[in-house]
Structures are given as C-alpha cells and as structure tokens.
$ cat target23.cif   # mmCIF, C-alpha atoms
data_run
loop_
_atom_site.label_atom_id
_atom_site.label_comp_id
_atom_site.auth_asym_id
_atom_site.auth_seq_id
_atom_site.Cartn_x
_atom_site.Cartn_y
_atom_site.Cartn_z
CA MET A 220 40.10 128.72 130.94
CA ASP A 221 42.46 131.74 130.98
CA GLY A 222 44.48 130.14 128.20
CA LEU A 223 41.50 130.48 125.88
CA PHE A 224 41.48 134.28 125.98
CA VAL A 225 43.10 136.36 123.25
CA PRO A 226 43.81 140.12 123.45
CA LEU A 227 41.20 142.54 122.14
CA PRO A 228 42.04 143.02 118.42
CA ASP A 229 43.60 146.38 117.56
CA VAL A 230 40.99 147.08 114.88
CA LEU A 231 38.20 146.94 117.48
CA LYS A 232 40.10 149.28 119.79
CA LEU A 233 40.62 151.71 116.92
CA VAL A 234 37.06 151.85 115.61
CA SER A 235 35.42 151.97 119.05
CA HIS A 236 36.18 155.69 119.35
CA GLU A 237 33.07 157.73 118.49
CA VAL A 238 34.78 160.18 116.13
CA ARG A 239 36.65 157.46 114.23
CA TRP A 240 33.49 155.37 114.00
CA LYS A 241 31.59 158.32 112.51
CA LEU A 242 34.42 158.99 110.06
CA LEU A 243 34.35 155.39 108.89
CA GLN A 244 30.57 155.52 108.42
CA LEU A 245 30.88 158.62 106.23
CA LEU A 246 33.79 157.23 104.21
CA ALA A 247 32.00 153.93 103.71
CA TYR A 248 29.46 155.85 101.65
CA SER A 249 31.51 158.41 99.76
CA ASP A 250 34.99 159.92 99.45
CA TYR A 251 35.40 163.24 101.23
CA ARG A 252 37.89 166.06 101.74
CA VAL A 253 38.79 167.19 105.25
CA HIS A 254 36.59 170.29 105.12
CA ASP A 255 33.65 168.12 103.98
CA LEU A 256 34.13 165.85 107.00
CA VAL A 257 34.52 168.82 109.35
CA SER A 258 31.25 170.27 108.05
CA ARG A 259 29.34 167.00 108.41
CA LEU A 260 30.66 166.19 111.88
CA GLN A 261 30.62 169.77 113.18
CA LEU A 262 33.99 169.24 114.85
CA PRO A 263 37.27 171.22 114.84
CA GLN A 264 39.50 170.51 111.85
CA ASN A 265 42.52 169.58 113.98
CA LEU A 266 40.45 166.92 115.78
CA VAL A 267 39.14 165.44 112.53
CA SER A 268 42.65 165.46 111.04
CA TYR A 269 44.07 163.72 114.10
CA HIS A 270 41.61 160.83 113.90
CA LEU A 271 42.05 160.57 110.13
CA LYS A 272 45.79 160.23 110.75
CA LEU A 273 45.20 157.27 113.07
CA LEU A 274 42.93 155.60 110.54
CA ARG A 275 45.51 156.16 107.78
CA GLU A 276 48.28 154.68 109.91
CA ALA A 277 46.14 151.57 110.39
CA LYS A 278 45.58 151.51 106.61
CA LEU A 279 41.81 151.59 107.08
CA VAL A 280 41.66 154.88 105.21
CA SER A 281 43.64 155.93 102.14
CA GLU A 282 44.18 159.35 100.60
CA ARG A 283 44.47 160.62 97.05
CA ARG A 284 45.15 164.16 95.85
CA SER A 285 42.33 165.67 93.83
CA THR A 286 42.91 165.85 90.08
CA ALA A 287 40.61 168.88 89.93
CA ASP A 288 42.41 170.91 92.63
CA GLU A 289 45.71 169.60 93.99
CA ARG A 290 45.31 171.62 97.18
CA PHE A 291 42.72 169.09 98.32
CA VAL A 292 43.01 165.45 99.30
CA PHE A 293 40.17 162.93 99.13
CA TYR A 294 39.93 160.26 101.81
CA SER A 295 38.33 156.89 101.25
CA LEU A 296 37.70 153.74 103.25
CA ASP A 297 39.69 150.68 102.22
CA VAL A 298 36.72 148.36 102.43
CA GLU A 299 38.57 145.14 101.64
CA HIS A 300 41.30 145.77 104.22
CA PHE A 301 38.77 146.74 106.89
CA ARG A 302 36.64 143.70 106.10
CA GLY A 303 39.65 141.40 106.39
CA LEU A 304 40.64 142.80 109.78
CA TYR A 305 37.06 142.72 111.02
CA LEU A 306 36.55 139.10 109.97
CA SER A 307 39.84 138.10 111.57
CA ALA A 308 38.71 139.78 114.79
CA GLY A 309 35.46 137.81 114.64
CA GLU A 310 37.37 134.60 114.04
CA ASN A 311 39.19 135.20 117.34
CA LEU A 312 35.78 135.06 119.00
CA HIS A 313 34.60 131.95 117.16
CA PRO A 314 36.18 130.13 114.17
CA ALA A 315 32.81 129.95 112.40
CA MET A 316 32.40 133.74 112.25
CA LYS A 317 34.64 134.26 109.22
CA ALA A 318 33.26 131.31 107.27
CA LEU A 319 29.67 132.47 107.91
CA ALA A 320 30.41 136.00 106.73
CA VAL A 321 32.07 134.76 103.53
CA TRP A 322 29.10 132.49 102.80
CA GLN A 323 26.58 135.30 103.36
CA ASN A 324 28.55 137.68 101.15
CA GLN A 325 27.98 135.45 98.12
CA ASP A 326 24.32 136.53 98.06
CA ASP A 327 24.87 140.24 98.71
CA MET A 328 24.04 141.24 95.12
CA ARG A 329 20.48 139.93 95.12
CA VAL A 330 18.34 142.98 94.44
CA GLN A 331 15.03 143.15 96.31
CA VAL A 332 13.97 146.71 95.38
CA SER A 333 13.88 148.82 92.21
CA LEU A 334 17.00 150.98 91.86
CA ARG A 335 18.27 153.51 89.30
CA VAL A 336 21.88 154.74 89.47
CA LEU A 337 23.68 157.31 87.31
CA PHE A 338 27.50 157.39 87.10
CA LEU A 339 29.25 160.58 85.97
CA CYS A 340 32.78 161.42 84.88
CA THR A 341 34.21 164.03 82.54
CA GLU A 342 34.45 162.19 79.23
CA ASN A 343 32.22 159.18 79.96
CA SER A 344 34.75 157.01 78.15
CA ALA A 345 36.18 154.77 80.90
CA ARG A 346 35.41 154.88 84.64
CA SER A 347 31.72 155.78 84.52
CA GLN A 348 31.06 153.42 81.60
CA MET A 349 32.81 150.59 83.44
CA ALA A 350 30.80 151.33 86.60
CA GLU A 351 27.55 151.22 84.63
CA ALA A 352 28.44 147.91 82.97
CA LEU A 353 29.70 146.33 86.19
CA LEU A 354 26.62 147.29 88.20
CA ARG A 355 24.34 145.78 85.58
CA HIS A 356 26.50 142.65 85.53
CA LEU A 357 26.78 142.25 89.30
CA SER A 358 23.04 142.79 89.81
CA HIS A 359 22.19 140.46 86.91
CA GLY A 360 20.45 143.33 85.17
CA ALA A 361 18.13 144.09 88.09
CA VAL A 362 19.53 147.60 88.62
CA GLN A 363 18.94 150.26 85.99
CA ALA A 364 22.44 151.71 85.59
CA PHE A 365 23.40 154.64 83.36
CA SER A 366 26.47 156.81 82.77
CA ALA A 367 27.26 160.19 81.22
CA GLY A 368 29.80 163.03 81.21
CA ASN A 369 29.93 166.80 80.96
CA GLN A 370 32.48 166.69 78.11
CA PRO A 371 31.77 163.34 76.44
CA ALA A 372 34.52 161.83 74.30
CA ALA A 373 33.98 160.67 70.73
CA GLN A 374 34.12 156.99 71.71
CA LEU A 375 34.62 154.50 74.51
CA HIS A 376 38.25 153.92 75.49
CA PRO A 377 39.34 150.64 73.81
CA LEU A 378 41.04 149.36 76.96
CA ALA A 379 37.84 149.86 78.95
CA ARG A 380 36.03 147.69 76.42
CA ARG A 381 38.83 145.10 76.47
CA CYS A 382 39.01 145.02 80.26
CA MET A 383 35.27 144.41 80.54
CA ALA A 384 35.35 141.80 77.76
CA GLU A 385 37.89 139.82 79.80
CA ARG A 386 35.28 139.70 82.57
CA GLY A 387 32.63 138.50 80.16
CA ILE A 388 30.91 141.89 79.85
CA ASP A 389 30.05 143.12 76.36
CA MET A 390 30.41 146.90 75.93
CA SER A 391 30.35 146.95 72.14
CA GLY A 392 27.24 149.14 72.13
CA ALA A 393 28.43 151.65 74.75
CA ILE A 394 28.85 155.27 73.60
CA PRO A 395 29.76 158.42 75.59
CA LYS A 396 26.75 160.61 76.43
CA HIS A 397 26.20 164.10 77.85
CA PHE A 398 24.48 164.22 81.24
CA GLU A 399 21.96 166.75 79.92
CA GLN A 400 19.89 163.89 78.50
CA PHE A 401 19.24 162.66 82.05
CA LEU A 402 18.30 166.00 83.65
CA GLY A 403 14.57 165.25 83.88
CA GLN A 404 14.96 161.71 85.18
CA GLN A 405 14.89 160.40 88.74
CA PHE A 406 17.63 158.28 90.31
CA ASP A 407 18.25 156.70 93.68
CA ALA A 408 21.91 157.75 93.53
CA VAL A 409 24.23 159.85 91.39
CA VAL A 410 27.86 158.71 91.70
CA THR A 411 30.69 160.90 90.44
CA VAL A 412 33.82 158.88 89.70
CA CYS A 413 36.21 161.72 88.83
CA ASP A 414 37.11 164.81 90.81
CA ARG A 415 36.49 167.32 88.03
CA VAL A 416 32.89 166.38 87.33
CA MET A 417 32.05 166.44 91.05
CA GLU A 418 32.21 170.24 90.95
CA SER A 419 29.63 170.42 88.12
CA CYS A 420 27.30 167.59 89.15
CA PRO A 421 23.81 168.47 87.88
CA THR A 422 20.70 168.86 90.04
CA LEU A 423 18.24 166.03 89.41
CA PRO A 424 14.63 165.49 90.53
CA GLY A 425 13.86 163.69 93.75
CA ASP A 426 17.05 164.71 95.60
CA PRO A 427 19.01 161.48 94.87
CA GLU A 428 21.96 160.42 96.99
CA ARG A 429 25.13 162.20 95.85
CA ILE A 430 28.21 160.03 96.22
CA HIS A 431 31.79 160.65 95.13
CA TRP A 432 34.49 158.09 94.43
CA SER A 433 37.88 159.67 93.79
CA PHE A 434 39.36 157.29 91.22
CA LEU A 435 42.51 157.70 89.17
CA ASP A 436 41.74 158.02 85.46
CA PRO A 437 43.30 154.82 84.02
CA ALA A 438 43.51 156.50 80.61
CA THR A 439 46.23 158.81 82.00
CA VAL A 440 48.54 155.94 82.98
CA GLU A 441 51.65 155.83 80.82
CA GLY A 442 53.69 152.78 79.88
CA THR A 443 53.30 149.67 77.79
CA GLU A 444 49.89 148.48 76.68
CA SER A 445 50.12 145.72 79.29
CA GLU A 446 50.77 148.30 82.04
CA GLN A 447 47.91 150.47 80.82
CA LEU A 448 45.54 147.49 80.75
CA ARG A 449 46.58 146.63 84.29
CA ALA A 450 45.49 150.13 85.38
CA PHE A 451 42.03 149.51 83.90
CA GLU A 452 41.86 146.12 85.61
CA GLN A 453 42.71 147.71 88.96
CA ILE A 454 39.93 150.27 88.51
CA SER A 455 37.58 147.42 87.60
CA LEU A 456 38.38 145.61 90.86
CA GLN A 457 38.03 148.79 92.93
CA LEU A 458 34.71 149.59 91.27
CA SER A 459 33.39 146.08 91.98
CA THR A 460 34.15 146.48 95.68
CA ARG A 461 32.53 149.91 95.84
CA LEU A 462 29.49 148.76 93.87
CA ARG A 463 28.81 145.85 96.20
CA LEU A 464 28.85 148.20 99.17
CA LEU A 465 26.75 150.81 97.37
CA LEU A 466 24.08 148.32 96.38
CA THR A 467 23.78 147.00 99.92
CA LEU A 468 23.38 150.53 101.32
CA LEU A 469 20.88 151.67 98.70
CA GLN A 470 18.73 148.57 99.13
CA ARG A 471 18.67 148.97 102.89
CA LYS A 472 17.74 152.65 102.64
CA LYS A 473 15.00 152.16 100.05
CA SER A 474 13.54 149.16 101.86
CA SER A 475 13.34 151.19 105.08
CA TYR A 476 11.66 154.06 103.21
CA CYS A 477 9.08 151.74 101.61
CA GLU A 478 8.23 150.24 104.99
CA GLN A 479 7.39 153.63 106.51
#

$ encode --input "target23.cif" --output "structure tokens"
Amino acid sequence: MDGLFVPLPDVLKLVSHEVRWKLLQLLAYSDYRVHDLVSRLQLPQNLVSYHLKLLREAKLVSERRSTADERFVFYSLDVEHFRGLYLSAGENLHPAMKALAVWQNQDDMRVQVSLRVLFLCTENSARSQMAEALLRHLSHGAVQAFSAGNQPAAQLHPLARRCMAERGIDMSGAIPKHFEQFLGQQFDAVVTVCDRVMESCPTLPGDPERIHWSFLDPATVEGTESEQLRAFEQISLQLSTRLRLLLTLLQRKKSSYCEQ
C-alpha cells in the first residue's frame, strides 16, 4: 500500500498558506499593484511582497511594469499555469480528476443570468474592442458586451480586425467610441484593459465591479507585420482566458445575489 503514495504536490503546499491563498483570490479577479494588495489585505508591505515573491518564483504570478507610471508594477495570476499544476495535483489523487475537469470546462461559457460588461482602454482601437468581440463570441451573444475609450482613435486597428477575422469573428462594423456615451448606463462589471485609462475610469450607476487587466498594447509592438500580428494573437489568447474566468465569477456572484 505504501508504494501507492506520492508526495504532496508543491503547488498545494504553496497555496495552502493563508496570505498566499488570499493573494491568489484577489489576483484571480483583477491585476493589482503592491500598495493595492496591502490596502485590501491590511497587512505590512514587506509581508505581502515576500509572499508575492514566492508566488512569482513558482510562476503562478507574473508582473508587468505599468505603462502609465513606470514606478509601479502590476501583478496578475497566470491562470493557465495554475490550472495545469492544480489538475496535475488532482491527477495524482485519481487519474479521472483531470479528465473530468477538462470535460466540465467545455461548458463553462453557458450563460445562465443576464450580464452587461463594459471594456475600457485609451483609444478603444484594439484591446477593449477585441475583448468586447471575444466576450460576445464566447458567450454566443448571451452577454451584452461594450467597449469605449477616453481618447478614441479615428478607426479600429487593422490588425485587431484581422486577428479576430482569423478566429471567425467579424469586426467590420466596430468603431472607437468615447466612454461618455455609457455614463448613464448600468453594468455588472467595468474592465479596464490598459493602465492609463484605469486612472480615469468613470463612475457608473449601480456600483459595478471594477476590474483591471494590465495588458501590453499590441499596437506598440515593433517589427515585421507577421511579428505585429503575433502580438495581437497573443493578446487574443490572454483575453480569452481572462474572459472565461470573468464570466464564471460574474455568473456566480449574480446568481447568489438573485437567490437572496
């Protein structure tokens, strides 16, 4: 019987600490700077930084310097890496665990409640437009998704349109918009996808969830057209992962609220 035992997976040892578990819960929902995490956890900065360091070393958490203020660093959860480690840990317990989780994940975009989500970036020409289109696509049109910017560009970035077209998503009618046209509307969540617009995120009725995703602007990537397109494709993949997680969380929260 002893030969059947395997050591406790490192990922379970790491996340079992209360501070690290709380950090992961926060970063699963939004990207944060250290002082944001300190404020939310009400813990000393050196303690928060220490546990963030352990999570970074395990590659569960990544960091990216803010494009709005380079003195700050945003931290985010690497959902795919964490999911892979977690499923592998479950597979050590029983081989069926991983297969069951993969099967269940195929249905995770079925929308059971009414949701409205607004995505914001500076020019509303790439990241926020892609997020809007992807959320509509992944939810089969069940989620009302919108996007806008505080300094809207004259037109959608052509590589954003091309990248989405390669995924079967038509963005021919998408145009950049100013967020002022949404000021009187209610949303379940407002997601900022660039660091600059986070600082000027408008106040909207109903106190919607405010979430920040610190994404690189693919339009700033230099190189050949193929290299630039690859940057847009990477953002598309990252957005898809974040959107799946976001939709699951929003549905769970709204369903709980409706049951009260």

$ resolve_selection --input "target23.cif" --expression "the PyMOL selection byres ((chain A and resi 277) around 12)" --output "NGL selection string"
:A and (229-234 or 239 or 270-276 or 278-281 or 296-297 or 300-301 or 304)

$ closest_residue --input "target23.cif" --among "A:Leu245, A:Leu448, A:Ile394, A:Cys382" --to "A:Gln348" --atoms "only C-alpha atoms"
A:Ile394

$ resolve_selection --input "target23.cif" --expression "the PyMOL selection byres ((chain A and resi 364-377) around 6)" --output "number ranges by chain"
A: 335-345, 347-348, 351, 362-363, 378-380, 394-398

$ closest_residue --input "target23.cif" --among "A:Gly403, A:Pro228, A:Pro424, A:Gly360" --to "A:Tyr305" --atoms "all atoms listed in the file"
A:Pro228

$ atom_distance --input "target23.cif" --atom1 "atom CA of A:Asp436" --atom2 "atom CA of A:Thr286"
9.2 Å

$ resolve_selection --input "target23.cif" --expression "the PyMOL selection byres ((chain A and resi 292) around 10)" --output "mmCIF file with C-alpha atoms, in the frame of the given file"
data_model
loop_
_atom_site.group_PDB
_atom_site.id
_atom_site.type_symbol
_atom_site.label_atom_id
_atom_site.label_comp_id
_atom_site.auth_asym_id
_atom_site.auth_seq_id
_atom_site.Cartn_x
_atom_site.Cartn_y
_atom_site.Cartn_z
ATOM 1 C CA ASP A 250 34.990 159.920 99.450
ATOM 2 C CA TYR A 251 35.400 163.240 101.230
ATOM 3 C CA ARG A 252 37.890 166.060 101.740
ATOM 4 C CA VAL A 253 38.790 167.190 105.250
ATOM 5 C CA HIS A 254 36.590 170.290 105.120
ATOM 6 C CA SER A 281 43.640 155.930 102.140
ATOM 7 C CA GLU A 282 44.180 159.350 100.600
ATOM 8 C CA ARG A 283 44.470 160.620 97.050
ATOM 9 C CA ARG A 284 45.150 164.160 95.850
ATOM 10 C CA SER A 285 42.330 165.670 93.830
ATOM 11 C CA THR A 286 42.910 165.850 90.080
ATOM 12 C CA ASP A 288 42.410 170.910 92.630
ATOM 13 C CA GLU A 289 45.710 169.600 93.990
ATOM 14 C CA ARG A 290 45.310 171.620 97.180
ATOM 15 C CA PHE A 291 42.720 169.090 98.320
ATOM 16 C CA PHE A 293 40.170 162.930 99.130
ATOM 17 C CA TYR A 294 39.930 160.260 101.810
ATOM 18 C CA SER A 295 38.330 156.890 101.250
ATOM 19 C CA SER A 433 37.880 159.670 93.790
#

$ closest_residue --input "target23.cif" --among "A:Leu423, A:His359, A:Thr439, A:Glu299" --to "A:Leu458" --atoms "all atoms listed in the file"
A:Glu299

$ closest_residue --input "target23.cif" --among "A:Ala287, A:Val298, A:Ala352, A:Leu357" --to "A:Ser249" --atoms "only C-alpha atoms"
A:Val298

$ atom_distance --input "target23.cif" --atom1 "atom CA of A:Val238" --atom2 "atom CA of A:Asp255"
14.6 Å

$ residues_near_point --input "target23.cif" --point "(17.6, 148.1, 93.4)" --cutoff "9 Å" --atoms "all atoms listed in the file" --output "compact mmCIF listing (two decimals) with C-alpha atoms, in the coordinates of the input"
# COMPACT_ATOMS: atom_id res chain seq x y z
CA ARG A 329 20.48 139.93 95.12
CA VAL A 330 18.34 142.98 94.44
CA GLN A 331 15.03 143.15 96.31
CA VAL A 332 13.97 146.71 95.38
CA SER A 333 13.88 148.82 92.21
CA LEU A 334 17.00 150.98 91.86
CA ARG A 335 18.27 153.51 89.30
CA VAL A 336 21.88 154.74 89.47
CA SER A 358 23.04 142.79 89.81
CA ALA A 361 18.13 144.09 88.09
CA VAL A 362 19.53 147.60 88.62
CA GLN A 363 18.94 150.26 85.99
CA ASP A 407 18.25 156.70 93.68
CA LEU A 466 24.08 148.32 96.38
CA LEU A 469 20.88 151.67 98.70
CA GLN A 470 18.73 148.57 99.13
CA LYS A 473 15.00 152.16 100.05
